[in-house]
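Pasted below: input02.cif, mmCIF, C-alpha atoms and all ligand atoms.
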data_upload
#
loop_
_atom_site.group_PDB
_atom_site.id
_atom_site.type_symbol
_atom_site.label_atom_id
_atom_site.label_comp_id
_atom_site.auth_asym_id
_atom_site.auth_seq_id
_atom_site.Cartn_x
_atom_site.Cartn_y
_atom_site.Cartn_z
ATOM 1 C CA MET A 1 0.700 13.860 -38.219
ATOM 2 C CA LYS A 2 1.681 10.391 -39.435
ATOM 3 C CA VAL A 3 -1.100 8.025 -40.469
ATOM 4 C CA LEU A 4 1.228 5.256 -41.530
ATOM 5 C CA ASN A 5 4.501 4.164 -40.073
ATOM 6 C CA ALA A 6 6.306 1.145 -41.466
ATOM 7 C CA GLU A 7 9.616 0.548 -39.790
ATOM 8 C CA HIS A 8 12.352 -1.726 -41.099
ATOM 9 C CA ILE A 9 9.986 -4.049 -42.911
ATOM 10 C CA SER A 10 11.338 -7.011 -44.849
ATOM 11 C CA MET A 11 9.701 -9.808 -46.795
ATOM 12 C CA ILE A 12 11.582 -12.954 -47.591
ATOM 13 C CA PHE A 13 10.070 -15.591 -49.916
ATOM 14 C CA GLY A 14 12.110 -18.772 -49.574
ATOM 15 C CA GLY A 15 15.600 -17.523 -50.364
ATOM 16 C CA LEU A 16 14.454 -14.341 -52.103
ATOM 17 C CA ILE A 17 14.599 -11.047 -50.219
ATOM 18 C CA ALA A 18 11.752 -9.241 -52.018
ATOM 19 C CA VAL A 19 11.733 -6.284 -49.608
ATOM 20 C CA ASN A 20 14.790 -5.486 -47.551
ATOM 21 C CA ASP A 21 14.643 -3.297 -44.430
ATOM 22 C CA VAL A 22 12.321 -0.607 -45.773
ATOM 23 C CA THR A 23 11.138 2.282 -43.607
ATOM 24 C CA ILE A 24 8.360 4.504 -44.937
ATOM 25 C CA TYR A 25 5.732 6.805 -43.502
ATOM 26 C CA ALA A 26 2.768 8.851 -44.698
ATOM 27 C CA ASN A 27 1.480 12.113 -43.265
ATOM 28 C CA ARG A 28 -2.261 12.654 -43.121
ATOM 29 C CA GLY A 29 -3.530 13.977 -46.459
ATOM 30 C CA GLU A 30 -0.321 13.276 -48.319
ATOM 31 C CA LEU A 31 -0.187 11.989 -51.892
ATOM 32 C CA LEU A 32 2.759 9.622 -52.017
ATOM 33 C CA GLY A 33 4.363 7.725 -54.856
ATOM 34 C CA LEU A 34 6.180 4.401 -54.670
ATOM 35 C CA ILE A 35 8.199 3.731 -57.796
ATOM 36 C CA GLY A 36 10.840 1.320 -58.979
ATOM 37 C CA PRO A 37 11.629 -1.088 -61.798
ATOM 38 C CA ASN A 38 9.677 -4.337 -62.331
ATOM 39 C CA GLY A 39 10.128 -6.795 -59.504
ATOM 40 C CA ALA A 40 11.522 -4.142 -57.146
ATOM 41 C CA GLY A 41 9.064 -5.187 -54.407
ATOM 42 C CA LYS A 42 6.426 -2.451 -54.679
ATOM 43 C CA THR A 43 3.345 -4.676 -54.669
ATOM 44 C CA THR A 44 4.889 -6.787 -51.909
ATOM 45 C CA ILE A 45 5.090 -3.645 -49.767
ATOM 46 C CA PHE A 46 1.394 -2.924 -50.435
ATOM 47 C CA ASN A 47 0.582 -6.519 -49.503
ATOM 48 C CA MET A 48 2.369 -6.108 -46.189
ATOM 49 C CA LEU A 49 0.755 -2.731 -45.498
ATOM 50 C CA THR A 50 -2.739 -4.130 -46.101
ATOM 51 C CA GLY A 51 -2.287 -7.281 -44.043
ATOM 52 C CA VAL A 52 -2.104 -9.694 -46.988
ATOM 53 C CA TYR A 53 1.461 -10.712 -46.098
ATOM 54 C CA VAL A 54 2.940 -10.783 -42.635
ATOM 55 C CA PRO A 55 6.355 -9.093 -42.855
ATOM 56 C CA THR A 56 9.295 -11.336 -42.087
ATOM 57 C CA HIS A 57 10.723 -8.451 -40.070
ATOM 58 C CA GLY A 58 9.586 -5.008 -39.006
ATOM 59 C CA LYS A 59 6.600 -3.182 -37.670
ATOM 60 C CA ILE A 60 3.644 -1.470 -39.352
ATOM 61 C CA SER A 61 1.219 0.860 -37.619
ATOM 62 C CA PHE A 62 -1.646 3.091 -38.694
ATOM 63 C CA GLU A 63 -3.363 5.931 -36.918
ATOM 64 C CA ASN A 64 -6.887 6.859 -37.958
ATOM 65 C CA ALA A 65 -8.709 10.190 -37.749
ATOM 66 C CA ARG A 66 -9.973 9.381 -34.237
ATOM 67 C CA ASN A 67 -6.354 8.900 -33.145
ATOM 68 C CA ASN A 68 -6.803 5.169 -32.719
ATOM 69 C CA GLN A 69 -3.694 3.123 -33.368
ATOM 70 C CA LEU A 70 -3.574 -0.157 -35.213
ATOM 71 C CA THR A 71 -0.356 -2.127 -35.267
ATOM 72 C CA ILE A 72 -0.528 -4.796 -37.889
ATOM 73 C CA ASN A 73 1.212 -8.014 -37.337
ATOM 74 C CA LYS A 74 -0.789 -11.074 -38.244
ATOM 75 C CA VAL A 75 -3.904 -8.915 -38.577
ATOM 76 C CA LYS A 76 -6.308 -10.205 -41.231
ATOM 77 C CA PRO A 77 -6.827 -7.955 -44.290
ATOM 78 C CA TYR A 78 -10.519 -7.389 -43.503
ATOM 79 C CA LYS A 79 -9.597 -5.998 -40.088
ATOM 80 C CA VAL A 80 -7.065 -3.677 -41.674
ATOM 81 C CA ALA A 81 -9.800 -2.596 -44.118
ATOM 82 C CA ARG A 82 -12.205 -1.851 -41.268
ATOM 83 C CA PHE A 83 -9.616 0.431 -39.775
ATOM 84 C CA GLY A 84 -9.877 2.640 -42.860
ATOM 85 C CA VAL A 85 -7.125 1.147 -44.989
ATOM 86 C CA SER A 86 -8.131 0.314 -48.536
ATOM 87 C CA ARG A 87 -6.487 -0.640 -51.814
ATOM 88 C CA THR A 88 -6.791 -1.433 -55.473
ATOM 89 C CA PHE A 89 -4.953 -4.221 -57.241
ATOM 90 C CA GLN A 90 -2.511 -4.241 -60.130
ATOM 91 C CA ASN A 91 -4.969 -6.447 -62.055
ATOM 92 C CA ILE A 92 -8.593 -5.311 -62.057
ATOM 93 C CA ARG A 93 -10.718 -7.178 -59.535
ATOM 94 C CA LEU A 94 -14.270 -6.043 -60.157
ATOM 95 C CA PHE A 95 -17.324 -8.303 -60.104
ATOM 96 C CA LYS A 96 -17.762 -8.262 -63.860
ATOM 97 C CA GLU A 97 -21.247 -9.750 -63.812
ATOM 98 C CA LEU A 98 -22.528 -7.096 -61.383
ATOM 99 C CA THR A 99 -23.498 -3.535 -62.250
ATOM 100 C CA VAL A 100 -21.390 -0.522 -61.405
ATOM 101 C CA LEU A 101 -23.662 0.361 -58.475
ATOM 102 C CA GLU A 102 -23.756 -3.229 -57.220
ATOM 103 C CA ASN A 103 -19.974 -3.327 -57.216
ATOM 104 C CA MET A 104 -20.012 -0.277 -54.964
ATOM 105 C CA LEU A 105 -22.631 -1.697 -52.609
ATOM 106 C CA VAL A 106 -20.919 -5.064 -52.262
ATOM 107 C CA SER A 107 -17.800 -3.251 -51.191
ATOM 108 C CA MET A 108 -19.686 -1.180 -48.631
ATOM 109 C CA HIS A 109 -21.401 -4.201 -47.150
ATOM 110 C CA LYS A 110 -18.045 -5.415 -45.958
ATOM 111 C CA ASN A 111 -18.494 -2.784 -43.281
ATOM 112 C CA ILE A 112 -21.986 -3.868 -42.264
ATOM 113 C CA GLY A 113 -23.214 -2.465 -39.021
ATOM 114 C CA TYR A 114 -26.651 -4.049 -38.865
ATOM 115 C CA SER A 115 -27.761 -7.479 -37.694
ATOM 116 C CA ILE A 116 -29.079 -10.496 -39.540
ATOM 117 C CA PHE A 117 -32.366 -9.795 -37.710
ATOM 118 C CA GLY A 118 -32.491 -6.377 -39.342
ATOM 119 C CA ALA A 119 -31.756 -7.839 -42.736
ATOM 120 C CA ILE A 120 -34.539 -10.416 -42.475
ATOM 121 C CA PHE A 121 -37.220 -8.249 -40.880
ATOM 122 C CA ARG A 122 -36.237 -5.054 -42.677
ATOM 123 C CA THR A 123 -36.187 -2.971 -39.535
ATOM 124 C CA ASN A 124 -35.924 0.807 -39.768
ATOM 125 C CA GLY A 125 -32.263 0.627 -38.908
ATOM 126 C CA PHE A 126 -31.654 -1.742 -41.785
ATOM 127 C CA LEU A 127 -33.543 0.378 -44.320
ATOM 128 C CA LYS A 128 -31.777 3.503 -43.189
ATOM 129 C CA THR A 129 -28.426 1.862 -43.583
ATOM 130 C CA GLU A 130 -29.313 0.605 -47.059
ATOM 131 C CA GLN A 131 -30.478 4.087 -48.026
ATOM 132 C CA GLU A 132 -27.296 5.600 -46.638
ATOM 133 C CA PHE A 133 -25.151 3.102 -48.519
ATOM 134 C CA TYR A 134 -27.025 3.899 -51.719
ATOM 135 C CA GLU A 135 -26.684 7.656 -51.312
ATOM 136 C CA SER A 136 -23.029 7.560 -50.482
ATOM 137 C CA ALA A 137 -22.354 5.154 -53.379
ATOM 138 C CA ILE A 138 -24.102 7.520 -55.789
ATOM 139 C CA LYS A 139 -22.135 10.453 -54.415
ATOM 140 C CA ILE A 140 -18.815 8.723 -55.009
ATOM 141 C CA LEU A 141 -19.942 7.619 -58.486
ATOM 142 C CA GLU A 142 -20.855 11.220 -59.274
ATOM 143 C CA ALA A 143 -17.436 12.394 -58.133
ATOM 144 C CA THR A 144 -15.873 9.718 -60.336
ATOM 145 C CA GLY A 145 -18.059 10.549 -63.346
ATOM 146 C CA LEU A 146 -19.585 7.076 -63.375
ATOM 147 C CA ASP A 147 -23.056 7.893 -62.046
ATOM 148 C CA THR A 148 -24.642 7.811 -65.488
ATOM 149 C CA LYS A 149 -23.333 4.267 -65.891
ATOM 150 C CA LYS A 150 -24.481 2.972 -62.537
ATOM 151 C CA ASP A 151 -26.750 0.295 -64.057
ATOM 152 C CA GLU A 152 -24.274 -0.991 -66.603
ATOM 153 C CA LEU A 153 -22.421 -4.225 -66.049
ATOM 154 C CA ALA A 154 -18.877 -3.571 -64.880
ATOM 155 C CA SER A 155 -17.614 -5.744 -67.738
ATOM 156 C CA ASN A 156 -19.233 -3.375 -70.278
ATOM 157 C CA LEU A 157 -17.260 -0.343 -69.102
ATOM 158 C CA PRO A 158 -14.252 0.741 -71.131
ATOM 159 C CA TYR A 159 -11.003 -0.278 -69.490
ATOM 160 C CA GLY A 160 -10.184 3.202 -68.140
ATOM 161 C CA GLU A 161 -13.573 3.428 -66.438
ATOM 162 C CA GLN A 162 -13.143 -0.003 -64.863
ATOM 163 C CA ARG A 163 -9.961 1.311 -63.287
ATOM 164 C CA LYS A 164 -11.850 4.361 -62.016
ATOM 165 C CA LEU A 165 -14.575 2.141 -60.588
ATOM 166 C CA GLU A 166 -11.921 0.247 -58.661
ATOM 167 C CA ILE A 167 -10.820 3.479 -57.042
ATOM 168 C CA ALA A 168 -14.420 4.488 -56.329
ATOM 169 C CA ARG A 169 -14.952 1.128 -54.702
ATOM 170 C CA ALA A 170 -11.852 1.466 -52.554
ATOM 171 C CA ILE A 171 -13.175 4.784 -51.248
ATOM 172 C CA ALA A 172 -16.653 3.364 -50.697
ATOM 173 C CA THR A 173 -15.369 1.328 -47.779
ATOM 174 C CA GLY A 174 -14.959 4.519 -45.779
ATOM 175 C CA ALA A 175 -11.222 4.492 -46.277
ATOM 176 C CA GLU A 176 -8.886 7.092 -44.827
ATOM 177 C CA ILE A 177 -5.761 5.774 -46.510
ATOM 178 C CA VAL A 178 -5.887 4.303 -49.997
ATOM 179 C CA PHE A 179 -3.196 2.284 -51.728
ATOM 180 C CA LEU A 180 -3.442 2.313 -55.528
ATOM 181 C CA ASP A 181 -1.381 -0.299 -57.359
ATOM 182 C CA GLU A 182 -0.711 1.029 -60.874
ATOM 183 C CA PRO A 183 -4.008 2.901 -61.310
ATOM 184 C CA ALA A 184 -2.995 4.233 -64.742
ATOM 185 C CA ALA A 185 -1.803 0.903 -66.131
ATOM 186 C CA GLY A 186 -3.150 0.348 -69.646
ATOM 187 C CA MET A 187 -4.646 3.828 -69.908
ATOM 188 C CA ASN A 188 -4.019 6.114 -72.853
ATOM 189 C CA PRO A 189 -2.453 9.571 -72.219
ATOM 190 C CA ALA A 190 -5.828 11.359 -72.144
ATOM 191 C CA GLU A 191 -7.270 8.868 -69.641
ATOM 192 C CA THR A 192 -4.100 9.090 -67.547
ATOM 193 C CA ALA A 193 -4.310 12.891 -67.382
ATOM 194 C CA GLU A 194 -7.978 12.665 -66.400
ATOM 195 C CA LEU A 195 -7.132 10.108 -63.738
ATOM 196 C CA ALA A 196 -4.577 12.430 -62.143
ATOM 197 C CA VAL A 197 -7.223 15.144 -61.793
ATOM 198 C CA LEU A 198 -9.678 12.634 -60.377
ATOM 199 C CA ILE A 199 -7.266 11.261 -57.764
ATOM 200 C CA LYS A 200 -6.431 14.791 -56.596
ATOM 201 C CA ARG A 201 -10.094 15.700 -56.312
ATOM 202 C CA LEU A 202 -11.105 12.531 -54.481
ATOM 203 C CA LYS A 203 -8.212 13.000 -52.090
ATOM 204 C CA GLU A 204 -9.486 16.495 -51.206
ATOM 205 C CA ASP A 205 -13.210 15.632 -51.107
ATOM 206 C CA TYR A 206 -12.795 12.513 -48.997
ATOM 207 C CA LYS A 207 -9.813 13.725 -46.952
ATOM 208 C CA LEU A 208 -7.722 10.775 -47.999
ATOM 209 C CA THR A 209 -4.095 9.889 -47.706
ATOM 210 C CA VAL A 210 -3.084 8.277 -50.998
ATOM 211 C CA VAL A 211 -0.102 6.045 -51.715
ATOM 212 C CA LEU A 212 0.275 4.965 -55.315
ATOM 213 C CA ILE A 213 2.534 2.723 -57.346
ATOM 214 C CA GLU A 214 2.976 3.735 -60.962
ATOM 215 C CA HIS A 215 5.353 3.188 -63.859
ATOM 216 C CA ASP A 216 4.181 6.270 -65.761
ATOM 217 C CA MET A 217 6.810 8.788 -64.646
ATOM 218 C CA ARG A 218 5.052 11.854 -65.983
ATOM 219 C CA PHE A 219 1.963 10.872 -63.991
ATOM 220 C CA VAL A 220 3.921 10.266 -60.769
ATOM 221 C CA MET A 221 6.067 13.371 -61.048
ATOM 222 C CA ASN A 222 3.084 15.639 -61.706
ATOM 223 C CA LEU A 223 0.801 14.148 -59.106
ATOM 224 C CA CYS A 224 2.800 13.021 -56.089
ATOM 225 C CA GLU A 225 4.058 15.328 -53.349
ATOM 226 C CA ARG A 226 6.704 12.916 -52.128
ATOM 227 C CA ILE A 227 8.151 9.809 -53.705
ATOM 228 C CA TYR A 228 9.891 6.661 -52.488
ATOM 229 C CA VAL A 229 12.107 4.754 -54.894
ATOM 230 C CA LEU A 230 12.671 1.042 -54.543
ATOM 231 C CA ASP A 231 15.253 -1.021 -56.395
ATOM 232 C CA PHE A 232 15.829 -4.754 -55.814
ATOM 233 C CA GLY A 233 13.833 -4.585 -52.587
ATOM 234 C CA VAL A 234 15.875 -1.719 -51.154
ATOM 235 C CA LEU A 235 14.780 1.880 -50.699
ATOM 236 C CA ILE A 236 17.294 3.935 -52.684
ATOM 237 C CA ALA A 237 15.741 7.406 -52.479
ATOM 238 C CA GLU A 238 12.989 9.496 -50.926
ATOM 239 C CA GLY A 239 12.041 13.070 -51.736
ATOM 240 C CA THR A 240 10.061 15.550 -53.791
ATOM 241 C CA PRO A 241 9.608 14.882 -57.528
ATOM 242 C CA HIS A 242 12.347 17.414 -58.227
ATOM 243 C CA GLU A 243 14.774 15.705 -55.831
ATOM 244 C CA ILE A 244 13.951 12.270 -57.221
ATOM 245 C CA LYS A 245 14.409 13.290 -60.848
ATOM 246 C CA ASN A 246 17.883 14.574 -60.048
ATOM 247 C CA ASP A 247 19.031 11.780 -57.746
ATOM 248 C CA PRO A 248 21.987 9.905 -59.302
ATOM 249 C CA LYS A 249 20.948 6.603 -57.678
ATOM 250 C CA VAL A 250 17.482 6.892 -59.196
ATOM 251 C CA ILE A 251 18.844 7.811 -62.606
ATOM 252 C CA LYS A 252 21.104 4.766 -62.452
ATOM 253 C CA ALA A 253 18.240 2.443 -61.450
ATOM 254 C CA TYR A 254 16.237 3.704 -64.398
ATOM 255 C CA LEU A 255 19.164 3.664 -66.811
ATOM 256 C CA GLY A 256 17.951 3.985 -70.357
ATOM 257 C CA GLU A 257 14.517 5.204 -69.356
ATOM 258 C CA GLU A 258 13.399 8.787 -69.494
ATOM 259 C CA LEU A 259 12.522 10.398 -66.160
ATOM 260 C CA GLN A 260 10.171 13.135 -67.247
HETATM 261 N N1 LIG A 301 4.045 -14.641 -53.171
HETATM 262 C C1 LIG A 301 5.292 -14.605 -53.635
HETATM 263 N N2 LIG A 301 6.086 -15.685 -53.561
HETATM 264 C C2 LIG A 301 7.350 -15.668 -54.033
HETATM 265 N N3 LIG A 301 7.922 -14.593 -54.606
HETATM 266 C C3 LIG A 301 7.180 -13.503 -54.724
HETATM 267 C C4 LIG A 301 5.820 -13.426 -54.250
HETATM 268 N N4 LIG A 301 5.330 -12.182 -54.499
HETATM 269 C C5 LIG A 301 6.323 -11.519 -55.097
HETATM 270 N N5 LIG A 301 7.432 -12.295 -55.233
HETATM 271 C C6 LIG A 301 8.712 -11.868 -55.792
HETATM 272 O O1 LIG A 301 9.133 -10.716 -55.084
HETATM 273 C C7 LIG A 301 9.743 -9.775 -55.971
HETATM 274 C C8 LIG A 301 9.000 -8.466 -55.899
HETATM 275 O O2 LIG A 301 7.722 -8.618 -56.521
HETATM 276 P P1 LIG A 301 6.641 -7.462 -56.559
HETATM 277 O O3 LIG A 301 5.436 -8.035 -57.205
HETATM 278 O O4 LIG A 301 6.499 -6.890 -55.216
HETATM 279 O O5 LIG A 301 7.336 -6.414 -57.528
HETATM 280 P P2 LIG A 301 6.780 -5.042 -58.116
HETATM 281 O O6 LIG A 301 7.774 -3.995 -57.757
HETATM 282 O O7 LIG A 301 5.381 -4.857 -57.737
HETATM 283 O O8 LIG A 301 6.922 -5.326 -59.704
HETATM 284 P P3 LIG A 301 5.966 -4.871 -60.914
HETATM 285 O O9 LIG A 301 6.346 -3.460 -61.245
HETATM 286 O O10 LIG A 301 6.350 -5.815 -62.017
HETATM 287 O O11 LIG A 301 4.555 -5.038 -60.494
HETATM 288 C C9 LIG A 301 9.742 -10.426 -57.354
HETATM 289 O O12 LIG A 301 10.982 -11.043 -57.537
HETATM 290 C C10 LIG A 301 8.625 -11.436 -57.247
HETATM 291 O O13 LIG A 301 8.837 -12.512 -58.143
HETATM 292 MG MG MG A 302 3.617 -4.758 -58.737
#
Let me see the structure of the file written as structure tokens.
Ligand SMILES: Nc1ncnc2c1ncn2[C@@H]1O[C@H](COP(=O)(O)OP(=O)(O)OP(=O)(O)O)[C@@H](O)[C@H]1O
Ligand SMILES: [Mg+2]
Amino acid sequence: MKVLNAEHISMIFGGLIAVNDVTIYANRGELLGLIGPNGAGKTTIFNMLTGVYVPTHGKISFENARNNQLTINKVKPYKVARFGVSRTFQNIRLFKELTVLENMLVSMHKNIGYSIFGAIFRTNGFLKTEQEFYESAIKILEATGLDTKKDELASNLPYGEQRKLEIARAIATGAEIVFLDEPAAGMNPAETAELAVLIKRLKEDYKLTVVLIEHDMRFVMNLCERIYVLDFGVLIAEGTPHEIKNDPKVIKAYLGEELQ
């Protein structure tokens, strides 16, 4: 069953066609890769899919686990997020002056379900929700291996762990589909290998659909079930890692680089 359907989407900035007539979909529970050289339009696609940019052309729709449909066109990013669509950014966007746990809780409060009255008078409903937030934050931190660092400032974490916290935070919003923009960027090979295991496990535990952008070919080829390849804003290939590695158009787009 498809959870994401983006049909013929384009994004034009002034005279520049950053994304040109791209059609992509995701099945529930899939782990998808979106690859392509620098400036190919990958992040722009994520921005359209998460409501940050309104596509110049095309249609984007999501279906959540309760079979509700959301068609996004001029829908604000927070509304897309509430529908169970979450993301991380190419550059880390943590609250550096907050602790690991606080970063999680801030993210979860975007989905607040209690009233101002409850917050002021600390009604049972409010306390319960706070307790639930706390427990589920701890659970995700445990799964991510960051629970022992929950009281550390985000800025004190090593770089690789900051990236992991970003993913943990994206899941904390109750996401069903998660877009990860270069989650392994800046990681060393050991951290990258660990990250691949973590993403697979989180996907299973939280029943996620994951779409990720990554330049590390070994990482993408080992992790993703299906891959889309973008070049100069145009989709040039789609298929399994094996198909992608052997696709002449892909090899040409990556001329001089090793597709592992
Ligand atoms: N807000 C914007 N205004 C104008 N041009 C933009 C904007 N965002 C992106 N672009 C342009 O669109 C093209 C695609 O950019 P995008 O960031 O989507 O590429 P990318 O595939 O994510 O590249 P990278 O691998 O370097 O992150 C680039 O030419 C970029 O300069
Ligand atoms: Mg990018």
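Distances here use only C-alpha atoms; by that measure, the residue among A:Tyr254, A:Phe89, A:Phe83, A:Phe46 closest to Arg163 in chain A is A:Phe89.
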Set the cut-off to 7 Å, count all atoms listed in the file, and list whatever residues fall near ligand MG 302 (chain A) as a PyMOL selection string.
chain A and resi 39+41-43+90+181
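We find CA of Ile24 in chain A and CA of Ile92 in chain A to be spaced 26.0 Å apart.
Using the PyMOL selection byres (((not hetatm)) within 8 of (chain A and resi 301)) on this structure selects A:Phe13, A:Gly14, A:Leu16, A:Ile17, A:Ala18, A:Val19, A:Ile35, A:Gly36, A:Pro37, A:Asn38, A:Gly39, A:Ala40, A:Gly41, A:Lys42, A:Thr43, A:Thr44, A:Ile45, A:Gln90, A:Glu214, A:His215, A:Leu230, A:Phe232, A:Gly233.
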Write out the residues from the selection above, keeping C-alpha atoms, as a PDB file, in the coordinates of the input.
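Contents of the output file out_9.pdb:
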ATOM      1  CA  PHE A  13      10.070 -15.591 -49.916  1.00  0.00           C
ATOM      2  CA  GLY A  14      12.110 -18.772 -49.574  1.00  0.00           C
ATOM      3  CA  LEU A  16      14.454 -14.341 -52.103  1.00  0.00           C
ATOM      4  CA  ILE A  17      14.599 -11.047 -50.219  1.00  0.00           C
ATOM      5  CA  ALA A  18      11.752  -9.241 -52.018  1.00  0.00           C
ATOM      6  CA  VAL A  19      11.733  -6.284 -49.608  1.00  0.00           C
ATOM      7  CA  ILE A  35       8.199   3.731 -57.796  1.00  0.00           C
ATOM      8  CA  GLY A  36      10.840   1.320 -58.979  1.00  0.00           C
ATOM      9  CA  PRO A  37      11.629  -1.088 -61.798  1.00  0.00           C
ATOM     10  CA  ASN A  38       9.677  -4.337 -62.331  1.00  0.00           C
ATOM     11  CA  GLY A  39      10.128  -6.795 -59.504  1.00  0.00           C
ATOM     12  CA  ALA A  40      11.522  -4.142 -57.146  1.00  0.00           C
ATOM     13  CA  GLY A  41       9.064  -5.187 -54.407  1.00  0.00           C
ATOM     14  CA  LYS A  42       6.426  -2.451 -54.679  1.00  0.00           C
ATOM     15  CA  THR A  43       3.345  -4.676 -54.669  1.00  0.00           C
ATOM     16  CA  THR A  44       4.889  -6.787 -51.909  1.00  0.00           C
ATOM     17  CA  ILE A  45       5.090  -3.645 -49.767  1.00  0.00           C
ATOM     18  CA  GLN A  90      -2.511  -4.241 -60.130  1.00  0.00           C
ATOM     19  CA  GLU A 214       2.976   3.735 -60.962  1.00  0.00           C
ATOM     20  CA  HIS A 215       5.353   3.188 -63.859  1.00  0.00           C
ATOM     21  CA  LEU A 230      12.671   1.042 -54.543  1.00  0.00           C
ATOM     22  CA  PHE A 232      15.829  -4.754 -55.814  1.00  0.00           C
ATOM     23  CA  GLY A 233      13.833  -4.585 -52.587  1.00  0.00           C
TER      24      GLY A 233
END
Nearest residue to Tyr134 in chain A out of A:Leu34, A:Leu98, A:Ala65, A:Ala172, using only C-alpha atoms?
A:Ala172
Which residue of A:Thr56, A:Asn156, A:Thr209, A:Thr71 approaches Ser86 in chain A most closely, using only C-alpha atoms:
A:Thr209
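Distance check against Arg226 in chain A using all atoms listed in the file: of A:Val178, A:Ile60, A:Leu212, A:Ile251, the minimum falls on A:Leu212.
Reported to one decimal place, the separation of CA of Lys150 in chain A from CA of Asp216 in chain A is 29.0 Å.
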Do a neighbour search on Val3 in chain A at 7 Å with all atoms listed in the file, toss out local chain neighbours closer than 6 positions, and write the hits as a count of residues only.
6
What would range 172-184 of chain A look like if you wrote it out as a compact mmCIF listing (two decimals), in the first residue's frame, with N, CA and C atoms included, from the block I just posted?
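Listing of decode01.txt after writing:
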# COMPACT_ATOMS: atom_id res chain seq x y z
N ALA A 172 10.19 11.00 17.46
CA ALA A 172 9.45 11.38 18.66
C ALA A 172 8.13 12.08 18.35
N THR A 173 8.02 12.62 17.17
CA THR A 173 6.79 13.34 16.81
C THR A 173 5.66 12.37 16.45
N GLY A 174 5.91 11.09 16.58
CA GLY A 174 4.88 10.12 16.23
C GLY A 174 4.80 9.90 14.73
N ALA A 175 5.94 10.04 14.09
CA ALA A 175 5.99 9.97 12.63
C ALA A 175 5.70 8.57 12.11
N GLU A 176 5.12 8.52 10.93
CA GLU A 176 4.94 7.25 10.22
C GLU A 176 5.88 7.19 9.02
N ILE A 177 6.17 8.37 8.47
CA ILE A 177 7.12 8.43 7.35
C ILE A 177 8.19 9.46 7.71
N VAL A 178 9.45 9.06 7.57
CA VAL A 178 10.54 9.92 7.99
C VAL A 178 11.47 10.18 6.81
N PHE A 179 11.77 11.44 6.58
CA PHE A 179 12.70 11.82 5.53
C PHE A 179 14.02 12.23 6.18
N LEU A 180 15.10 11.55 5.81
CA LEU A 180 16.41 11.83 6.40
C LEU A 180 17.32 12.42 5.34
N ASP A 181 17.72 13.68 5.54
CA ASP A 181 18.56 14.35 4.55
C ASP A 181 20.03 14.21 4.95
N GLU A 182 20.72 13.30 4.31
CA GLU A 182 22.14 13.01 4.54
C GLU A 182 22.44 12.68 6.00
N PRO A 183 21.81 11.63 6.54
CA PRO A 183 22.01 11.30 7.95
C PRO A 183 23.44 10.89 8.29
N ALA A 184 24.20 10.41 7.31
CA ALA A 184 25.56 9.94 7.59
C ALA A 184 26.62 10.99 7.27
